[in-house]
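Undergrad: As input, take upload04.txt (compact mmCIF, C-alpha atoms and all ligand atoms):
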```
# COMPACT_ATOMS: atom_id res chain seq x y z
CA MET A 1063 -58.17 64.57 48.86
CA GLN A 1064 -55.24 66.95 49.13
CA ARG A 1065 -53.84 68.20 52.41
CA VAL A 1066 -50.84 70.14 53.64
CA VAL A 1067 -48.17 68.17 55.51
CA PHE A 1068 -45.48 69.77 57.68
CA THR A 1069 -42.21 68.05 56.73
CA GLY A 1070 -39.94 70.02 59.15
CA ASP A 1071 -37.27 72.72 58.75
CA SER A 1072 -39.65 75.36 57.34
CA ARG A 1073 -40.99 73.13 54.57
CA VAL A 1074 -44.46 71.89 53.73
CA ASP A 1075 -45.74 69.47 51.10
CA VAL A 1076 -49.18 69.05 49.59
CA ARG A 1077 -50.01 65.33 49.53
CA GLU A 1078 -52.87 63.01 48.66
CA ALA A 1079 -54.54 61.54 51.74
CA PRO A 1080 -57.73 59.54 52.27
CA THR A 1081 -60.75 61.74 53.02
CA PRO A 1082 -61.22 61.44 56.81
CA GLU A 1083 -64.31 59.63 58.08
CA PRO A 1084 -66.40 61.14 60.86
CA ASN A 1085 -67.03 59.05 63.96
CA VAL A 1086 -70.24 59.16 66.00
CA GLY A 1087 -70.84 62.75 67.12
CA GLU A 1088 -68.69 64.21 64.35
CA VAL A 1089 -69.22 65.90 60.99
CA LEU A 1090 -67.18 65.97 57.77
CA ILE A 1091 -66.59 69.51 56.49
CA ARG A 1092 -65.68 70.45 52.91
CA VAL A 1093 -63.26 73.31 53.65
CA GLY A 1094 -64.10 76.60 51.95
CA ALA A 1095 -61.39 78.72 53.58
CA SER A 1096 -58.55 77.91 55.93
CA ALA A 1097 -56.23 80.56 57.40
CA ILE A 1098 -52.55 80.35 58.34
CA CYS A 1099 -52.02 81.41 61.97
CA GLY A 1100 -48.86 82.84 63.53
CA SER A 1101 -49.09 80.14 66.18
CA GLU A 1102 -48.25 77.53 63.50
CA MET A 1103 -44.84 78.98 62.74
CA LYS A 1104 -43.01 77.40 65.69
CA ARG A 1105 -44.09 73.99 64.35
CA TYR A 1106 -43.29 75.08 60.79
CA ARG A 1107 -39.68 75.94 61.70
CA ALA A 1108 -39.13 72.88 63.94
CA PRO A 1109 -36.80 70.21 62.48
CA ASP A 1110 -39.14 67.24 62.90
CA ALA A 1111 -42.00 66.39 60.53
CA LEU A 1112 -45.67 66.21 61.53
CA PRO A 1113 -48.11 63.61 60.24
CA GLY A 1114 -50.48 66.37 59.18
CA ASN A 1115 -50.87 70.10 59.68
CA PRO A 1116 -51.80 72.43 62.55
CA GLY A 1117 -54.41 74.30 60.48
CA HIS A 1118 -57.04 75.36 63.01
CA GLU A 1119 -58.91 78.33 61.51
CA MET A 1120 -61.30 76.89 58.94
CA VAL A 1121 -64.84 77.19 57.67
CA GLY A 1122 -66.80 75.11 55.20
CA GLU A 1123 -69.90 73.12 54.40
CA VAL A 1124 -71.01 70.05 56.33
CA VAL A 1125 -71.15 67.19 53.80
CA GLU A 1126 -71.67 64.28 56.19
CA SER A 1127 -73.00 64.20 59.75
CA ARG A 1128 -72.88 61.50 62.38
CA GLY A 1129 -74.06 63.80 65.15
CA ASP A 1130 -77.51 63.39 66.74
CA THR A 1131 -77.56 67.13 67.19
CA GLY A 1132 -75.52 69.86 65.58
CA PRO A 1133 -75.38 71.18 62.03
CA ALA A 1134 -77.26 69.41 59.24
CA VAL A 1135 -75.69 68.39 55.95
CA GLY A 1136 -75.48 71.47 53.72
CA ARG A 1137 -74.97 73.89 56.60
CA ARG A 1138 -71.88 76.11 56.48
CA VAL A 1139 -69.95 76.26 59.74
CA ALA A 1140 -66.90 77.72 61.46
CA VAL A 1141 -65.09 75.59 64.04
CA ASN A 1142 -64.26 76.36 67.67
CA ILE A 1143 -61.29 74.00 67.79
CA ILE A 1144 -61.06 73.28 71.53
CA THR A 1145 -62.43 69.87 72.47
CA GLY A 1146 -63.10 68.66 76.02
CA CYS A 1147 -64.12 65.57 77.96
CA GLY A 1148 -67.74 66.77 77.97
CA ASP A 1149 -68.23 65.77 81.59
CA CYS A 1150 -66.10 67.97 83.90
CA ALA A 1151 -67.19 71.20 85.61
CA ALA A 1152 -65.64 73.35 82.85
CA CYS A 1153 -67.24 71.38 80.01
CA ARG A 1154 -70.63 71.35 81.76
CA ALA A 1155 -70.35 75.11 82.16
CA GLY A 1156 -69.86 75.31 78.40
CA ASP A 1157 -66.20 76.36 78.45
CA ARG A 1158 -63.90 73.63 77.14
CA ARG A 1159 -60.90 75.97 77.40
CA PHE A 1160 -60.49 74.95 81.04
CA CYS A 1161 -61.08 71.21 80.63
CA ALA A 1162 -58.11 69.23 82.02
CA ASP A 1163 -58.56 66.72 79.19
CA GLN A 1164 -58.72 69.19 76.32
CA GLY A 1165 -57.68 68.64 72.73
CA TYR A 1166 -57.79 70.55 69.44
CA VAL A 1167 -59.27 70.12 65.98
CA PHE A 1168 -56.33 70.36 63.57
CA ASN A 1169 -55.67 69.52 59.89
CA GLY A 1170 -57.74 72.42 58.60
CA HIS A 1171 -55.38 72.97 55.65
CA ALA A 1172 -57.04 70.26 53.58
CA GLU A 1173 -59.95 69.75 51.24
CA TYR A 1174 -61.90 68.04 54.03
CA VAL A 1175 -61.67 68.06 57.82
CA VAL A 1176 -63.55 66.20 60.56
CA ALA A 1177 -64.81 68.06 63.65
CA PRO A 1178 -67.09 67.20 66.57
CA ALA A 1179 -70.63 68.47 65.86
CA VAL A 1180 -70.56 70.31 69.20
CA ASN A 1181 -67.57 72.39 68.00
CA CYS A 1182 -69.36 73.70 64.91
CA LEU A 1183 -70.52 77.32 64.85
CA PRO A 1184 -73.30 77.78 62.27
CA MET A 1185 -72.64 80.50 59.68
CA PRO A 1186 -75.41 82.72 58.32
CA ASP A 1187 -75.86 82.50 54.53
CA ASP A 1188 -74.69 86.07 53.96
CA LEU A 1189 -71.33 85.56 55.72
CA PRO A 1190 -68.76 84.69 53.03
CA ASP A 1191 -66.17 82.02 53.80
CA ASP A 1192 -63.23 84.40 53.99
CA ASP A 1193 -65.00 86.82 56.36
CA GLY A 1194 -66.22 83.80 58.32
CA VAL A 1195 -62.74 82.37 58.80
CA LEU A 1196 -61.71 85.60 60.56
CA ILE A 1197 -64.88 86.00 62.62
CA GLY A 1198 -65.16 82.31 63.51
CA GLY A 1199 -61.44 81.87 64.27
CA ASP A 1200 -58.90 83.31 66.64
CA THR A 1201 -57.90 86.30 64.45
CA LEU A 1202 -60.87 88.33 65.71
CA GLY A 1203 -62.05 85.87 68.35
CA VAL A 1204 -59.09 86.58 70.63
CA ALA A 1205 -59.40 90.34 70.20
CA TYR A 1206 -63.14 90.33 70.84
CA HIS A 1207 -62.77 88.04 73.84
CA ALA A 1208 -60.12 90.32 75.35
CA LEU A 1209 -62.06 93.53 74.75
CA ALA A 1210 -65.23 91.99 76.19
CA ARG A 1211 -63.35 91.29 79.43
CA ILE A 1212 -61.52 94.54 80.08
CA CYS A 1213 -63.00 97.86 81.14
CA LEU A 1214 -62.72 100.06 78.05
CA ARG A 1215 -64.01 103.63 77.92
CA PRO A 1216 -64.68 105.73 74.82
CA ARG A 1217 -61.95 108.24 75.71
CA ASP A 1218 -59.27 105.58 76.20
CA THR A 1219 -56.08 105.28 74.20
CA VAL A 1220 -54.88 101.72 73.54
CA ALA A 1221 -51.41 100.59 72.48
CA ILE A 1222 -51.18 97.41 70.38
CA VAL A 1223 -47.66 95.99 70.23
CA GLY A 1224 -47.23 93.57 67.33
CA CYS A 1225 -49.41 93.87 64.23
CA GLY A 1226 -49.53 90.33 62.93
CA PRO A 1227 -53.07 89.10 62.19
CA VAL A 1228 -54.19 89.06 65.84
CA GLY A 1229 -52.75 92.54 66.47
CA LEU A 1230 -54.43 93.82 63.30
CA GLY A 1231 -57.69 92.26 64.52
CA PHE A 1232 -57.35 94.28 67.74
CA VAL A 1233 -56.67 97.46 65.76
CA ARG A 1234 -59.70 96.96 63.51
CA LEU A 1235 -62.04 96.16 66.39
CA LEU A 1236 -60.83 99.09 68.54
CA ALA A 1237 -61.13 101.48 65.61
CA PHE A 1238 -64.68 100.21 65.06
CA TYR A 1239 -65.38 100.92 68.74
CA GLY A 1240 -64.12 104.47 68.15
CA VAL A 1241 -61.17 104.12 70.50
CA ARG A 1242 -57.81 105.80 69.78
CA VAL A 1243 -55.15 103.24 68.79
CA ILE A 1244 -51.34 103.50 68.81
CA ALA A 1245 -49.75 100.52 67.03
CA ALA A 1246 -46.12 99.44 67.34
CA GLU A 1247 -44.69 97.09 64.71
CA ILE A 1248 -41.26 96.53 63.16
CA SER A 1249 -42.42 95.44 59.67
CA PRO A 1250 -43.13 98.43 57.39
CA GLN A 1251 -45.77 96.43 55.48
CA ARG A 1252 -47.61 95.63 58.70
CA ARG A 1253 -47.32 99.24 59.89
CA ASP A 1254 -49.05 100.27 56.65
CA LEU A 1255 -51.74 97.64 57.27
CA ALA A 1256 -52.24 98.86 60.85
CA LYS A 1257 -52.73 102.37 59.58
CA ARG A 1258 -55.17 101.19 56.92
CA VAL A 1259 -57.30 99.18 59.37
CA GLY A 1260 -57.61 102.05 61.82
CA ALA A 1261 -54.52 102.88 63.90
CA GLU A 1262 -54.21 106.62 64.51
CA THR A 1263 -50.47 106.49 65.19
CA VAL A 1264 -47.96 103.82 64.09
CA ILE A 1265 -44.52 103.44 65.65
CA ASP A 1266 -41.46 101.50 64.49
CA PRO A 1267 -39.73 100.06 67.61
CA SER A 1268 -36.59 99.33 65.58
CA ALA A 1269 -36.17 102.99 64.65
CA GLY A 1270 -35.72 104.55 68.08
CA ASP A 1271 -37.23 104.83 71.55
CA ALA A 1272 -40.74 103.41 71.05
CA LEU A 1273 -41.70 103.98 74.68
CA ALA A 1274 -40.80 107.67 74.43
CA ALA A 1275 -42.82 107.89 71.21
CA ILE A 1276 -45.90 106.38 72.89
CA ARG A 1277 -45.51 108.70 75.90
CA GLU A 1278 -45.20 111.67 73.56
CA ALA A 1279 -48.37 110.63 71.72
CA THR A 1280 -50.24 110.52 75.05
CA GLY A 1281 -49.06 113.81 76.52
CA GLY A 1282 -46.52 112.02 78.72
CA ARG A 1283 -49.19 110.03 80.53
CA GLY A 1284 -49.01 106.62 78.88
CA VAL A 1285 -51.85 104.58 77.41
CA ASP A 1286 -54.92 103.46 79.32
CA VAL A 1287 -54.61 99.92 77.93
CA GLY A 1288 -51.49 98.15 76.64
CA ILE A 1289 -51.89 94.95 74.65
CA ASP A 1290 -49.07 92.63 73.65
CA ALA A 1291 -49.89 90.74 70.47
CA SER A 1292 -46.25 90.29 69.45
CA GLY A 1293 -45.30 87.09 71.18
CA SER A 1294 -41.90 88.53 72.15
CA ASP A 1295 -40.09 89.54 75.34
CA ALA A 1296 -39.43 93.04 73.99
CA GLY A 1297 -43.08 93.40 72.92
CA VAL A 1298 -44.46 92.46 76.32
CA ASN A 1299 -42.12 94.90 78.02
CA LEU A 1300 -42.93 97.76 75.65
CA ALA A 1301 -46.68 97.22 76.02
CA LEU A 1302 -46.34 96.99 79.83
CA ASP A 1303 -44.16 100.07 80.18
CA ALA A 1304 -46.47 102.08 77.92
CA VAL A 1305 -49.42 101.67 80.35
CA ARG A 1306 -50.25 104.60 82.62
CA ASP A 1307 -50.61 104.30 86.41
CA GLU A 1308 -53.75 102.27 87.30
CA GLY A 1309 -54.04 101.18 83.67
CA THR A 1310 -54.77 97.80 82.12
CA PHE A 1311 -52.49 95.28 80.42
CA VAL A 1312 -53.47 92.33 78.22
CA PHE A 1313 -51.28 89.32 77.45
CA ALA A 1314 -52.51 88.25 73.98
CA GLY A 1315 -49.28 87.06 72.32
CA ALA A 1316 -49.17 83.30 72.69
CA GLY A 1317 -46.35 80.80 72.93
CA HIS A 1318 -43.43 82.69 74.42
CA THR A 1319 -41.76 83.68 77.68
CA ALA A 1320 -40.75 87.13 78.86
CA THR A 1321 -38.81 88.63 81.74
CA ILE A 1322 -40.91 91.23 83.52
CA ASN A 1323 -40.58 93.17 86.77
CA PRO A 1324 -43.59 92.86 89.11
CA TRP A 1325 -42.32 95.68 91.32
CA THR A 1326 -41.88 98.47 88.77
CA GLN A 1327 -44.28 97.27 86.09
CA PHE A 1328 -47.27 96.12 88.18
CA LEU A 1329 -47.03 96.96 91.87
CA GLU A 1330 -45.88 100.58 91.73
CA LYS A 1331 -48.36 101.34 88.95
CA GLU A 1332 -51.28 99.38 90.43
CA LEU A 1333 -51.76 97.80 87.05
CA THR A 1334 -54.52 95.31 86.22
CA ALA A 1335 -53.45 92.45 83.94
CA TYR A 1336 -55.51 90.01 81.88
CA GLY A 1337 -54.48 86.78 80.21
CA VAL A 1338 -56.47 85.90 77.11
CA TRP A 1339 -56.81 82.35 75.90
CA TYR A 1340 -58.59 81.75 72.56
CA PHE A 1341 -62.32 82.56 72.58
CA VAL A 1342 -65.66 81.04 73.51
CA ASP A 1343 -68.74 80.48 71.36
CA ARG A 1344 -70.54 83.60 72.63
CA ASP A 1345 -67.68 85.74 71.27
CA TYR A 1346 -68.47 84.46 67.76
CA TYR A 1347 -72.10 85.54 68.10
CA GLY A 1348 -71.01 88.92 69.49
CA LEU A 1349 -68.73 89.40 66.47
CA LEU A 1350 -71.59 88.45 64.15
CA ASP A 1351 -73.67 91.23 65.73
CA LEU A 1352 -70.85 93.72 65.05
CA TYR A 1353 -70.56 92.40 61.48
CA ARG A 1354 -74.26 93.20 61.03
CA GLN A 1355 -73.55 96.69 62.36
CA GLY A 1356 -70.89 97.28 59.73
CA LEU A 1357 -67.64 95.81 61.08
CA ARG A 1358 -65.46 95.18 58.01
CA VAL A 1359 -62.93 92.37 58.20
CA ASN A 1360 -62.09 91.38 54.63
CA ASP A 1361 -59.19 93.81 54.28
CA LEU A 1362 -57.30 91.98 57.04
CA ILE A 1363 -56.67 89.31 54.37
CA THR A 1364 -53.76 90.24 52.10
CA HIS A 1365 -53.16 86.97 50.24
CA ARG A 1366 -55.19 83.99 49.00
CA PHE A 1367 -53.72 80.71 47.73
CA PRO A 1368 -54.99 77.40 46.42
CA LEU A 1369 -53.81 74.48 48.58
CA ALA A 1370 -51.32 73.42 45.89
CA GLN A 1371 -49.34 76.62 46.53
CA ALA A 1372 -48.96 75.99 50.28
CA PRO A 1373 -45.11 76.07 50.19
CA ALA A 1374 -45.18 79.58 48.69
CA ALA A 1375 -47.91 80.68 51.12
CA TYR A 1376 -45.91 79.60 54.20
CA ASP A 1377 -42.71 81.04 52.81
CA LEU A 1378 -44.47 84.38 52.37
CA PHE A 1379 -46.23 84.35 55.76
CA ASP A 1380 -42.99 83.42 57.57
CA ARG A 1381 -41.41 86.68 56.40
CA GLY A 1382 -43.78 88.53 58.76
CA GLU A 1383 -44.86 91.10 56.22
CA THR A 1384 -48.42 90.01 55.44
CA GLY A 1385 -51.84 90.38 56.95
CA LYS A 1386 -53.93 87.21 57.02
CA VAL A 1387 -53.04 84.54 54.45
CA ILE A 1388 -55.79 82.09 53.56
CA PHE A 1389 -56.16 78.90 51.54
CA THR A 1390 -59.19 78.20 49.40
CA PRO A 1391 -58.84 74.38 49.30
CA ASN A 1392 -61.90 73.78 47.14
CA GLY A 1393 -61.42 76.73 44.85
CA ALA A 1394 -63.84 79.03 46.67
CA SER A 1395 -64.49 82.17 44.71
CA GLU A 1396 -62.79 85.40 45.67
CA PRO A 1397 -65.00 88.24 46.87
ZN ZN B 1401 -54.84 80.64 65.29
ZN ZN B 1402 -63.99 68.53 80.41
```
Starting from the coordinates I provided, produce the structure as structure tokens.
TA:
Amino acid sequence: MQRVVFTGDSRVDVREAPTPEPNVGEVLIRVGASAICGSEMKRYRAPDALPGNPGHEMVGEVVESRGDTGPAVGRRVAVNIITGCGDCAACRAGDRRFCADQGYVFNGHAEYVVAPAVNCLPMPDDLPDDDGVLIGGDTLGVAYHALARICLRPRDTVAIVGCGPVGLGFVRLLAFYGVRVIAAEISPQRRDLAKRVGAETVIDPSAGDALAAIREATGGRGVDVGIDASGSDAGVNLALDAVRDEGTFVFAGAGHTATINPWTQFLEKELTAYGVWYFVDRDYYGLLDLYRQGLRVNDLITHRFPLAQAPAAYDLFDRGETGKVIFTPNGASEP
């Protein structure tokens, strides 16, 4: 089979590799759609090569099963990629995210991938692969998980800072909820996307005082909820400073550090902050309910590539101007 290999220094190859073999408790999945995630880009730019790829948002059809339970051969599935020991308090409670011995299912950018049967999320027949890869992955999973945790009221205004795929997922979901969204993003292409998927106001932080613009859009009060989905120091600080007194802040941009001021940004404002880490299986089923109620997700995808064009796909995604970019490793049909 073919799979993407990270060769270091912002380069990827597509190479022949043996089709992986499932062990006991695992299934072999023929990948229908696999999405590039912003969280891969640190590895992509790193100088050292990887034996495989960090693809971790994938859906497909089970073609071989060595699990006693779990999806049967022929079943289409998404994959919750967090694995656990199966025996600690967190795993027994059904939340592998807090297992001390956790791992991840990677190598999704390939024709076939192996996953534990317990990690498979069954897909209904009417959910196409490319909608499924958003609903069954962290693009919408993180946004849904965050919004399920915070207290959100219909009259609230929410600021999303950073409109990469996860930020766009937040915008789409909040717009579906009927909540007013202000989006801040430096890429003009992504500002256009944010507007198209439901942001009422879009702001360019590189063009002037973004905080003043957000305050102006909220009558000087600030937003009820500020969400950082940028993964940058400046983004965290903008989203934090935009929140009104007694408001809510969500850390949703992974893989970075930021310098913040507990005194002025949290204590004086009596702010409530949430950290959001991936999603849990129940979030997938919640998103499926919303999908049934009319939540559209397909327009979050801006580009589709066969696996053979992976170098061009990464090159494009790395410019930070796209929505979601997906591979169709087995030539899945476009919608
Ligand atoms: Zn991801
Ligand atoms: Zn465990």
Undergrad: Check the smallest atom-to-atom distance from each of A:Gly1240, A:Gly1117, A:Gly1337, A:Gly1231 to Arg1215 in chain A using all atoms listed in the file, then report the winner.
TA: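 Among the listed residues, A:Gly1240 lies closest to Arg1215 in chain A.
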Undergrad: Which residues form the shell of 9 Å around ligand ZN 1401 (chain B) when you count only C-alpha atoms and all ligand atoms, given as an NGL selection string?
TA: :A and (1097-1102 or 1117-1119 or 1199-1201 or 1228 or 1340)
Undergrad: Would you export the selected residues with C-alpha atoms as an mmCIF file, in the coordinates of the input, please?
TA:
```cif
data_model
loop_
_atom_site.group_PDB
_atom_site.id
_atom_site.type_symbol
_atom_site.label_atom_id
_atom_site.label_comp_id
_atom_site.auth_asym_id
_atom_site.auth_seq_id
_atom_site.Cartn_x
_atom_site.Cartn_y
_atom_site.Cartn_z
ATOM 1 C CA ALA A 1097 -56.230 80.560 57.400
ATOM 2 C CA ILE A 1098 -52.550 80.350 58.340
ATOM 3 C CA CYS A 1099 -52.020 81.410 61.970
ATOM 4 C CA GLY A 1100 -48.860 82.840 63.530
ATOM 5 C CA SER A 1101 -49.090 80.140 66.180
ATOM 6 C CA GLU A 1102 -48.250 77.530 63.500
ATOM 7 C CA GLY A 1117 -54.410 74.300 60.480
ATOM 8 C CA HIS A 1118 -57.040 75.360 63.010
ATOM 9 C CA GLU A 1119 -58.910 78.330 61.510
ATOM 10 C CA GLY A 1199 -61.440 81.870 64.270
ATOM 11 C CA ASP A 1200 -58.900 83.310 66.640
ATOM 12 C CA THR A 1201 -57.900 86.300 64.450
ATOM 13 C CA VAL A 1228 -54.190 89.060 65.840
ATOM 14 C CA TYR A 1340 -58.590 81.750 72.560
#
```
Undergrad: Near Cys1213 in chain A, counting all atoms listed in the file, which residues have an atom at most 12 Å away, once you skip same-chain residues fewer than 5 positions from it, shown as number ranges by chain?
TA: A: 1208, 1218, 1220, 1286-1287, 1308-1312, 1334-1336
Undergrad: Excluding range 1313-1321 of chain A and its own-chain neighbours fewer than 4 positions away, which residues fall within 10 Å of it when counting only C-alpha atoms? Please give them as a ChimeraX atom specification.
TA: /A:1100-1101,1104,1204-1205,1208,1222-1224,1226,1228-1229,1232,1288-1299,1301-1302,1335-1340
Undergrad: When you draw a straight line from CA of Gly1260 in chain A to CA of Lys1386 in chain A, how long is it in Å?
TA: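 Going from CA of Gly1260 in chain A over to CA of Lys1386 in chain A, I get 16.0 Å.
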Undergrad: List as number ranges by chain the protein and nucleic acid residues lying within 8 Å of ligand ZN 1402 (chain B), with all atoms listed in the file counted.
TA: A: 1146-1154, 1158, 1160-1164
Undergrad: Rank nothing, just name the residue among A:Val1264, A:Val1076, A:Leu1255, A:Met1120 nearest to Asp1192 in chain A, using all atoms listed in the file.
TA: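 Nearest candidate to Asp1192 in chain A out of A:Val1264, A:Val1076, A:Leu1255, A:Met1120: A:Met1120.
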Undergrad: Env of Asn1181 in chain A: 7 Å cut, atoms = only C-alpha atoms, seq-sep filter 2 positions within chain, self excluded. Answer as an NGL selection string.
TA: :A and (1141-1143 or 1177-1179 or 1183)
Undergrad: Which residue gives the smallest distance to Thr1364 in chain A among A:Leu1329, A:Val1086, A:Leu1230, A:Val1167, with only C-alpha atoms counted?
TA: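 Looking only at the distances to Thr1364 in chain A, the closest residue turns out to be A:Leu1230.
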Undergrad: So what do you get for CA of Trp1325 in chain A versus CA of Leu1209 in chain A, distance-wise?
TA: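 Separating CA of Trp1325 in chain A from CA of Leu1209 in chain A is a distance of 25.9 Å.
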Undergrad: By how many Å are CA of Ala1374 in chain A and CA of Ile1388 in chain A apart?
TA: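 Pair CA of Ala1374 in chain A / CA of Ile1388 in chain A returns 11.9 Å.
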Undergrad: Which residue is closest to Val1259 in chain A? Choose from A:Phe1379, A:Asp1307, A:Gly1385, A:Tyr1347 and count all atoms listed in the file.
TA: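 Of A:Phe1379, A:Asp1307, A:Gly1385, A:Tyr1347, the one nearest Val1259 in chain A is A:Gly1385, counting all atoms listed in the file.
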Undergrad: Write out as a PyMOL selection string which residues come within 7 Å of Ala1108 in chain A when counting all atoms listed in the file, dropping same-chain ones fewer than 2 positions away.
TA: chain A and resi 1070-1071+1104-1106+1110
Undergrad: In terms of the shortest atom-to-atom distance over only C-alpha atoms, which of A:Met1063, A:Val1241, A:Val1195, A:Val1342 is closest to Thr1081 in chain A?
TA: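 So, comparing all the options, the nearest one is A:Met1063.
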Undergrad: Closest to Ala1261 in chain A among A:Cys1225, A:Arg1128, A:Leu1273, A:Asp1188, using all atoms listed in the file?
TA: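 Selected residue with least distance to Ala1261 in chain A: A:Cys1225.
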Undergrad: Can you pull out the residues contacting Arg1283 in chain A? Cut-off 8 Å, using all atoms listed in the file, and skip same-chain residues under 3 positions away; I want them as a PyMOL selection string.
TA: chain A and resi 1277+1280+1306
Undergrad: Once you count all atoms listed in the file, which residues end up no further than 10 Å from (-77.3, 71.5, 60.5) in the file's frame, shown as a list in words?
TA: Val1089, Glu1123, Val1124, Ser1127, Gly1129, Thr1131, Gly1132, Pro1133, Ala1134, Val1135, Gly1136, Arg1137, Arg1138, Val1139, Ala1179, Cys1182, Leu1183 and Pro1184 of chain A
Undergrad: Just write the chosen residues, C-alpha atoms, as a JSON list (two decimals), keeping the file's coordinate frame.
TA:
```json
[["chain", "number", "residue", "atom", "x", "y", "z"],
["A", 1089, "VAL", "CA", -69.22, 65.90, 60.99],
["A", 1123, "GLU", "CA", -69.90, 73.12, 54.40],
["A", 1124, "VAL", "CA", -71.01, 70.05, 56.33],
["A", 1127, "SER", "CA", -73.00, 64.20, 59.75],
["A", 1129, "GLY", "CA", -74.06, 63.80, 65.15],
["A", 1131, "THR", "CA", -77.56, 67.13, 67.19],
["A", 1132, "GLY", "CA", -75.52, 69.86, 65.58],
["A", 1133, "PRO", "CA", -75.38, 71.18, 62.03],
["A", 1134, "ALA", "CA", -77.26, 69.41, 59.24],
["A", 1135, "VAL", "CA", -75.69, 68.39, 55.95],
["A", 1136, "GLY", "CA", -75.48, 71.47, 53.72],
["A", 1137, "ARG", "CA", -74.97, 73.89, 56.60],
["A", 1138, "ARG", "CA", -71.88, 76.11, 56.48],
["A", 1139, "VAL", "CA", -69.95, 76.26, 59.74],
["A", 1179, "ALA", "CA", -70.63, 68.47, 65.86],
["A", 1182, "CYS", "CA", -69.36, 73.70, 64.91],
["A", 1183, "LEU", "CA", -70.52, 77.32, 64.85],
["A", 1184, "PRO", "CA", -73.30, 77.78, 62.27]]
```
